[in-house]
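Asks: Here you go, this is protein16.txt (compact mmCIF, N, CA, C and O atoms).
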```txt
# COMPACT_ATOMS: atom_id res chain seq x y z
N MET A 1 47.37 79.58 173.55
CA MET A 1 47.10 78.21 173.93
C MET A 1 48.28 77.71 174.77
O MET A 1 49.41 77.67 174.30
N ARG A 2 48.00 77.36 176.01
CA ARG A 2 49.02 76.77 176.89
C ARG A 2 48.84 75.26 176.87
O ARG A 2 47.77 74.76 177.19
N LEU A 3 49.91 74.55 176.51
CA LEU A 3 49.86 73.09 176.43
C LEU A 3 50.68 72.46 177.54
O LEU A 3 51.68 73.05 178.00
N ALA A 4 50.28 71.28 177.95
CA ALA A 4 51.04 70.50 178.92
C ALA A 4 50.92 69.03 178.57
O ALA A 4 49.96 68.60 177.94
N VAL A 5 51.91 68.26 178.98
CA VAL A 5 51.92 66.82 178.79
C VAL A 5 51.54 66.15 180.11
O VAL A 5 52.09 66.49 181.17
N CYS A 6 50.60 65.23 180.05
CA CYS A 6 50.23 64.40 181.20
C CYS A 6 50.55 62.96 180.81
O CYS A 6 50.11 62.51 179.75
N ALA A 7 51.32 62.28 181.64
CA ALA A 7 51.73 60.92 181.29
C ALA A 7 51.59 59.98 182.48
O ALA A 7 51.69 60.39 183.63
N ASP A 8 51.34 58.73 182.15
CA ASP A 8 51.22 57.67 183.15
C ASP A 8 52.15 56.52 182.74
O ASP A 8 52.02 55.99 181.64
N VAL A 9 53.09 56.18 183.61
CA VAL A 9 53.99 55.06 183.36
C VAL A 9 53.40 53.84 184.05
O VAL A 9 53.38 53.76 185.28
N GLY A 10 52.89 52.92 183.26
CA GLY A 10 52.31 51.70 183.79
C GLY A 10 53.28 50.54 183.70
O GLY A 10 54.37 50.67 183.15
N SER A 11 52.88 49.41 184.22
CA SER A 11 53.74 48.23 184.19
C SER A 11 53.99 47.74 182.77
O SER A 11 55.04 47.20 182.47
N THR A 12 53.00 47.90 181.88
CA THR A 12 53.10 47.40 180.51
C THR A 12 53.16 48.53 179.49
O THR A 12 53.96 48.49 178.56
N TRP A 13 52.29 49.52 179.65
CA TRP A 13 52.20 50.61 178.69
C TRP A 13 52.42 51.95 179.37
O TRP A 13 51.99 52.17 180.50
N THR A 14 53.07 52.86 178.65
CA THR A 14 53.20 54.25 179.07
C THR A 14 52.29 55.07 178.17
O THR A 14 52.38 54.98 176.94
N LYS A 15 51.38 55.82 178.80
CA LYS A 15 50.40 56.61 178.05
C LYS A 15 50.70 58.09 178.25
O LYS A 15 51.04 58.50 179.37
N ALA A 16 50.56 58.86 177.18
CA ALA A 16 50.80 60.31 177.27
C ALA A 16 49.68 61.05 176.56
O ALA A 16 49.14 60.58 175.56
N ALA A 17 49.35 62.21 177.10
CA ALA A 17 48.33 63.07 176.51
C ALA A 17 48.84 64.50 176.51
O ALA A 17 49.52 64.92 177.45
N VAL A 18 48.53 65.22 175.46
CA VAL A 18 48.82 66.66 175.40
C VAL A 18 47.49 67.37 175.60
O VAL A 18 46.52 67.09 174.89
N VAL A 19 47.46 68.27 176.57
CA VAL A 19 46.23 68.94 176.96
C VAL A 19 46.37 70.45 176.74
O VAL A 19 47.40 71.03 177.08
N ASP A 20 45.33 71.05 176.17
CA ASP A 20 45.24 72.51 176.06
C ASP A 20 44.67 72.99 177.39
O ASP A 20 43.49 72.78 177.69
N LEU A 21 45.50 73.62 178.21
CA LEU A 21 45.08 74.03 179.54
C LEU A 21 44.05 75.15 179.51
O LEU A 21 43.20 75.23 180.39
N ASP A 22 44.12 76.02 178.52
CA ASP A 22 43.19 77.14 178.44
C ASP A 22 41.78 76.68 178.05
O ASP A 22 40.79 77.12 178.62
N ALA A 23 41.70 75.77 177.08
CA ALA A 23 40.41 75.30 176.59
C ALA A 23 39.92 74.07 177.36
O ALA A 23 38.76 73.69 177.24
N GLY A 24 40.81 73.45 178.13
CA GLY A 24 40.44 72.24 178.87
C GLY A 24 40.11 71.08 177.96
O GLY A 24 39.15 70.35 178.20
N ARG A 25 40.92 70.90 176.91
CA ARG A 25 40.63 69.80 175.98
C ARG A 25 41.89 69.04 175.62
O ARG A 25 42.99 69.57 175.67
N LEU A 26 41.68 67.80 175.23
CA LEU A 26 42.75 66.92 174.79
C LEU A 26 43.09 67.24 173.35
O LEU A 26 42.20 67.30 172.50
N VAL A 27 44.38 67.46 173.06
CA VAL A 27 44.77 67.76 171.68
C VAL A 27 45.66 66.69 171.06
O VAL A 27 45.91 66.71 169.87
N GLY A 28 46.12 65.73 171.86
CA GLY A 28 46.92 64.64 171.32
C GLY A 28 47.13 63.56 172.36
O GLY A 28 47.14 63.86 173.55
N ALA A 29 47.27 62.33 171.90
CA ALA A 29 47.52 61.22 172.82
C ALA A 29 48.27 60.11 172.10
O ALA A 29 48.15 59.97 170.88
N ALA A 30 49.04 59.36 172.86
CA ALA A 30 49.79 58.22 172.30
C ALA A 30 50.21 57.31 173.44
O ALA A 30 50.17 57.71 174.61
N SER A 31 50.61 56.11 173.08
CA SER A 31 51.13 55.18 174.08
C SER A 31 52.33 54.45 173.48
O SER A 31 52.48 54.37 172.26
N ALA A 32 53.17 53.92 174.36
CA ALA A 32 54.34 53.15 173.95
C ALA A 32 54.58 52.09 175.03
O ALA A 32 54.21 52.30 176.20
N PRO A 33 55.18 50.97 174.65
CA PRO A 33 55.49 49.97 175.68
C PRO A 33 56.41 50.56 176.74
O PRO A 33 57.34 51.32 176.42
N THR A 34 56.15 50.23 177.99
CA THR A 34 57.04 50.66 179.07
C THR A 34 58.32 49.86 178.94
O THR A 34 58.29 48.64 178.85
N SER A 35 59.43 50.55 178.89
CA SER A 35 60.72 49.91 178.61
C SER A 35 61.40 49.46 179.91
O SER A 35 62.38 50.04 180.33
N VAL A 36 60.83 48.41 180.53
CA VAL A 36 61.37 47.93 181.80
C VAL A 36 62.70 47.21 181.64
O VAL A 36 63.45 47.09 182.61
N GLY A 37 63.00 46.72 180.45
CA GLY A 37 64.24 45.99 180.23
C GLY A 37 65.46 46.88 180.17
O GLY A 37 66.58 46.41 180.34
N THR A 38 65.25 48.16 179.92
CA THR A 38 66.38 49.10 179.82
C THR A 38 66.19 50.24 180.80
O THR A 38 66.77 50.26 181.87
N ASP A 39 65.35 51.19 180.44
CA ASP A 39 65.12 52.38 181.26
C ASP A 39 63.71 52.87 180.95
O ASP A 39 63.37 53.05 179.78
N VAL A 40 62.89 53.06 181.97
CA VAL A 40 61.50 53.47 181.72
C VAL A 40 61.41 54.81 181.00
O VAL A 40 60.41 55.12 180.37
N LEU A 41 62.48 55.59 181.04
CA LEU A 41 62.47 56.88 180.34
C LEU A 41 62.43 56.71 178.82
O LEU A 41 61.94 57.60 178.13
N HIS A 42 62.91 55.58 178.31
CA HIS A 42 62.85 55.36 176.86
C HIS A 42 61.40 55.27 176.40
O HIS A 42 61.00 55.88 175.41
N GLY A 43 60.58 54.50 177.11
CA GLY A 43 59.16 54.38 176.79
C GLY A 43 58.43 55.69 177.01
O GLY A 43 57.55 56.07 176.24
N LEU A 44 58.78 56.40 178.08
CA LEU A 44 58.17 57.70 178.36
C LEU A 44 58.48 58.69 177.25
O LEU A 44 57.57 59.37 176.75
N ASP A 45 59.72 58.77 176.85
CA ASP A 45 60.09 59.68 175.77
C ASP A 45 59.37 59.34 174.47
O ASP A 45 58.93 60.23 173.74
N ALA A 46 59.23 58.05 174.17
CA ALA A 46 58.55 57.62 172.94
C ALA A 46 57.08 58.03 172.97
O ALA A 46 56.55 58.56 171.98
N ALA A 47 56.40 57.79 174.09
CA ALA A 47 54.97 58.12 174.19
C ALA A 47 54.76 59.62 174.14
O ALA A 47 53.88 60.11 173.42
N VAL A 48 55.55 60.38 174.88
CA VAL A 48 55.40 61.83 174.90
C VAL A 48 55.73 62.43 173.54
O VAL A 48 55.02 63.31 173.05
N GLY A 49 56.78 61.94 172.90
CA GLY A 49 57.14 62.46 171.58
C GLY A 49 56.04 62.21 170.56
O GLY A 49 55.71 63.10 169.77
N ALA A 50 55.45 61.01 170.58
CA ALA A 50 54.37 60.70 169.64
C ALA A 50 53.13 61.53 169.92
O ALA A 50 52.46 62.00 168.99
N ALA A 51 52.81 61.75 171.19
CA ALA A 51 51.63 62.57 171.54
C ALA A 51 51.84 64.01 171.11
O ALA A 51 50.93 64.65 170.57
N ALA A 52 53.04 64.55 171.33
CA ALA A 52 53.33 65.93 170.94
C ALA A 52 53.31 66.08 169.42
O ALA A 52 52.78 67.07 168.89
N ASP A 53 53.86 65.10 168.71
CA ASP A 53 53.83 65.14 167.24
C ASP A 53 52.40 65.10 166.73
O ASP A 53 52.04 65.86 165.83
N GLY A 54 51.58 64.24 167.30
CA GLY A 54 50.18 64.12 166.89
C GLY A 54 49.38 65.37 167.16
O GLY A 54 48.41 65.66 166.47
N ALA A 55 49.79 66.12 168.16
CA ALA A 55 49.08 67.35 168.51
C ALA A 55 49.62 68.55 167.75
O ALA A 55 49.05 69.64 167.84
N GLY A 56 50.73 68.37 167.03
CA GLY A 56 51.36 69.50 166.35
C GLY A 56 51.91 70.50 167.35
O GLY A 56 51.94 71.70 167.10
N ALA A 57 52.38 69.99 168.50
CA ALA A 57 52.80 70.86 169.60
C ALA A 57 54.26 71.25 169.53
O ALA A 57 54.74 71.96 170.40
N GLY A 58 54.98 70.80 168.53
CA GLY A 58 56.41 71.10 168.46
C GLY A 58 57.18 70.16 169.38
O GLY A 58 56.68 69.12 169.78
N PRO A 59 58.40 70.55 169.74
CA PRO A 59 59.22 69.67 170.57
C PRO A 59 58.61 69.45 171.96
O PRO A 59 58.24 70.40 172.64
N ALA A 60 58.50 68.19 172.35
CA ALA A 60 57.89 67.86 173.64
C ALA A 60 58.70 68.42 174.81
O ALA A 60 58.14 68.71 175.86
N GLY A 61 59.99 68.60 174.62
CA GLY A 61 60.84 69.13 175.68
C GLY A 61 60.51 70.56 176.05
O GLY A 61 60.88 71.03 177.12
N ALA A 62 59.81 71.27 175.19
CA ALA A 62 59.45 72.66 175.46
C ALA A 62 58.18 72.78 176.29
O ALA A 62 57.83 73.86 176.75
N LEU A 63 57.48 71.66 176.49
CA LEU A 63 56.21 71.66 177.24
C LEU A 63 56.44 71.22 178.68
O LEU A 63 57.33 70.41 178.94
N PRO A 64 55.61 71.69 179.61
CA PRO A 64 55.69 71.14 180.96
C PRO A 64 55.14 69.71 180.98
O PRO A 64 54.18 69.42 180.28
N TRP A 65 55.77 68.84 181.77
CA TRP A 65 55.36 67.44 181.88
C TRP A 65 54.85 67.17 183.28
O TRP A 65 55.46 67.60 184.27
N TYR A 66 53.76 66.42 183.38
CA TYR A 66 53.23 65.94 184.65
C TYR A 66 53.13 64.43 184.52
O TYR A 66 52.38 63.93 183.69
N VAL A 67 53.92 63.72 185.31
CA VAL A 67 54.05 62.27 185.14
C VAL A 67 53.72 61.56 186.46
O VAL A 67 54.13 62.01 187.53
N CYS A 68 52.99 60.46 186.33
CA CYS A 68 52.70 59.62 187.49
C CYS A 68 52.90 58.17 187.07
O CYS A 68 53.17 57.88 185.91
N SER A 69 52.74 57.27 188.02
CA SER A 69 52.87 55.84 187.72
C SER A 69 51.68 55.10 188.29
O SER A 69 51.30 55.29 189.43
N SER A 70 51.12 54.22 187.46
CA SER A 70 50.04 53.35 187.92
C SER A 70 50.52 51.91 188.00
O SER A 70 49.72 50.98 188.13
N ALA A 71 51.84 51.71 187.95
CA ALA A 71 52.40 50.37 187.98
C ALA A 71 52.06 49.68 189.29
O ALA A 71 52.32 50.21 190.37
N GLY A 72 51.45 48.51 189.18
CA GLY A 72 51.00 47.80 190.36
C GLY A 72 52.04 46.88 190.96
O GLY A 72 52.03 46.59 192.15
N GLY A 73 52.94 46.38 190.18
CA GLY A 73 53.93 45.46 190.72
C GLY A 73 55.00 45.15 189.70
O GLY A 73 54.80 45.24 188.51
N GLY A 74 56.15 44.83 190.18
CA GLY A 74 57.24 44.45 189.31
C GLY A 74 58.04 45.60 188.74
O GLY A 74 59.16 45.42 188.31
N LEU A 75 57.49 46.79 188.75
CA LEU A 75 58.21 47.96 188.22
C LEU A 75 58.63 48.81 189.40
O LEU A 75 57.82 49.35 190.14
N ARG A 76 59.92 48.91 189.59
CA ARG A 76 60.45 49.72 190.68
C ARG A 76 60.67 51.13 190.16
O ARG A 76 61.57 51.38 189.37
N LEU A 77 59.83 52.02 190.64
CA LEU A 77 59.84 53.38 190.11
C LEU A 77 59.45 54.34 191.22
O LEU A 77 58.50 54.09 191.96
N ALA A 78 60.18 55.41 191.35
CA ALA A 78 59.83 56.45 192.31
C ALA A 78 59.41 57.68 191.51
O ALA A 78 60.06 58.05 190.55
N VAL A 79 58.31 58.29 191.91
CA VAL A 79 57.85 59.51 191.28
C VAL A 79 58.03 60.64 192.30
O VAL A 79 57.48 60.57 193.40
N VAL A 80 58.81 61.62 191.93
CA VAL A 80 59.10 62.74 192.82
C VAL A 80 58.65 64.01 192.14
O VAL A 80 58.94 64.23 190.96
N GLY A 81 57.92 64.83 192.84
CA GLY A 81 57.45 66.09 192.25
C GLY A 81 57.49 67.19 193.28
O GLY A 81 57.83 67.00 194.43
N TYR A 82 57.12 68.35 192.81
CA TYR A 82 57.07 69.50 193.72
C TYR A 82 55.82 70.28 193.47
O TYR A 82 55.15 70.13 192.50
```
Please rewrite the model in this file as structure tokens.

Replies:
Amino acid sequence: MRLAVCADVGSTWTKAAVVDLDAGRLVGAASAPTSVGTDVLHGLDAAVGAAADGAGAGPAGALPWYVCSSAGGGLRLAVVGY
């Protein structure tokens, strides 16, 4: 089973899902408030950690992460990928 984290950093909420890539199914999901007052990574880490825990996926840092932003305004965020 190959797992990956898919996350969306929104203006208010950060949502994360753990997906089984082989079976094409969702195995865990969670959300956390987007931490705009400090660092958006705090909210991202909270959402991803809760989703990984709920999926029984072990440490979230061991999984590949795919992150995007749906923030419409007020949140200054750059998403860079390869």

Asks: Any idea what's packed within 6 Å of range 67-71 of chain A, counting only C-alpha atoms, ignoring anything in its chain fewer than 4 positions away? Could you give it as a PyMOL selection string?

Replies: chain A and resi 6-11

Asks: With only C-alpha atoms as the basis for distance, which of A:Val27, A:Met1, A:Ala32, A:Ala52 is at the shortest distance from Lys15 in chain A?

Replies: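 Among the listed residues, A:Ala32 lies closest to Lys15 in chain A.
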
Asks: Using DSSP on the backbone coordinates, identify all residues within chain A classified as strand (DSSP E or B); present the result as an MDAnalysis selection string.

Replies: chainID A and resid 3:9 13:20 25:33 65:69

Asks: What does the distance from CA of Thr12 in chain A to atom O of Gly24 in chain A come to in Å, to one decimal?

Replies: 27.0 Å

Asks: If you run DSSP on this backbone, which residues of chain A come out as helix (DSSP H, G or I), and could you give them as a count of residues only?

Replies: 19

Asks: Nearest to Gly49 in chain A: which of A:Val19, A:Thr14, A:Arg25, A:Ala30 is it, counting only C-alpha atoms?

Replies: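 Between A:Val19, A:Thr14, A:Arg25, A:Ala30, the residue approaching Gly49 in chain A most closely is A:Ala30.
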
Asks: What is the atom N of Arg2 in chain A to atom O of Val40 in chain A distance in Å?

Replies: 25.8 Å

Asks: So that I can check the surroundings of Val18 in chain A, please list as a short mmCIF file (atom, residue, chain, number, x, y, z; two decimals) with N, CA, C and O atoms, in the frame of the given file every protein, DNA and RNA residue that reaches within 5 Å of it, counting only N, CA, C and O atoms and ignoring chain neighbours fewer than 6 positions away.

Replies:
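Result went into around.cif, see below:
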```cif
data_model
loop_
_atom_site.label_atom_id
_atom_site.label_comp_id
_atom_site.auth_asym_id
_atom_site.auth_seq_id
_atom_site.Cartn_x
_atom_site.Cartn_y
_atom_site.Cartn_z
N ALA A 4 50.28 71.28 177.95
CA ALA A 4 51.04 70.50 178.92
C ALA A 4 50.92 69.03 178.57
O ALA A 4 49.96 68.60 177.94
N VAL A 5 51.91 68.26 178.98
CA VAL A 5 51.92 66.82 178.79
C VAL A 5 51.54 66.15 180.11
O VAL A 5 52.09 66.49 181.17
N ARG A 25 40.92 70.90 176.91
CA ARG A 25 40.63 69.80 175.98
C ARG A 25 41.89 69.04 175.62
O ARG A 25 42.99 69.57 175.67
N LEU A 26 41.68 67.80 175.23
CA LEU A 26 42.75 66.92 174.79
C LEU A 26 43.09 67.24 173.35
O LEU A 26 42.20 67.30 172.50
N VAL A 27 44.38 67.46 173.06
CA VAL A 27 44.77 67.76 171.68
C VAL A 27 45.66 66.69 171.06
O VAL A 27 45.91 66.71 169.87
N GLY A 28 46.12 65.73 171.86
CA GLY A 28 46.92 64.64 171.32
C GLY A 28 47.13 63.56 172.36
O GLY A 28 47.14 63.86 173.55
N ALA A 29 47.27 62.33 171.90
CA ALA A 29 47.52 61.22 172.82
C ALA A 29 48.27 60.11 172.10
O ALA A 29 48.15 59.97 170.88
#
```

Asks: Would you mind reading off the distance between atom N of Pro64 in chain A and atom C of Asp39 in chain A, one decimal, in Å?

Replies: 20.5 Å

Asks: Which residues, written as a PDB file with N, CA, C and O atoms, in the frame of the given file, have at least one atom at most 6 Å from Ser35 in chain A, with all atoms listed in the file counted and residues fewer than 6 positions away on the same chain left out?

Replies:
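Saved to out22.pdb:
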```pdb
ATOM      1  N   THR A  12      53.000  47.900 181.880  1.00  0.00           N
ATOM      2  CA  THR A  12      53.100  47.400 180.510  1.00  0.00           C
ATOM      3  C   THR A  12      53.160  48.530 179.490  1.00  0.00           C
ATOM      4  O   THR A  12      53.960  48.490 178.560  1.00  0.00           O
ATOM      5  N   LEU A  41      62.480  55.590 181.040  1.00  0.00           N
ATOM      6  CA  LEU A  41      62.470  56.880 180.340  1.00  0.00           C
ATOM      7  C   LEU A  41      62.430  56.710 178.820  1.00  0.00           C
ATOM      8  O   LEU A  41      61.940  57.600 178.130  1.00  0.00           O
ATOM      9  N   HIS A  42      62.910  55.580 178.310  1.00  0.00           N
ATOM     10  CA  HIS A  42      62.850  55.360 176.860  1.00  0.00           C
ATOM     11  C   HIS A  42      61.400  55.270 176.400  1.00  0.00           C
ATOM     12  O   HIS A  42      61.000  55.880 175.410  1.00  0.00           O
ATOM     13  N   GLY A  43      60.580  54.500 177.110  1.00  0.00           N
ATOM     14  CA  GLY A  43      59.160  54.380 176.790  1.00  0.00           C
ATOM     15  C   GLY A  43      58.430  55.690 177.010  1.00  0.00           C
ATOM     16  O   GLY A  43      57.550  56.070 176.240  1.00  0.00           O
ATOM     17  N   LEU A  44      58.780  56.400 178.080  1.00  0.00           N
ATOM     18  CA  LEU A  44      58.170  57.700 178.360  1.00  0.00           C
ATOM     19  C   LEU A  44      58.480  58.690 177.250  1.00  0.00           C
ATOM     20  O   LEU A  44      57.570  59.370 176.750  1.00  0.00           O
TER      21      LEU A  44
END
```
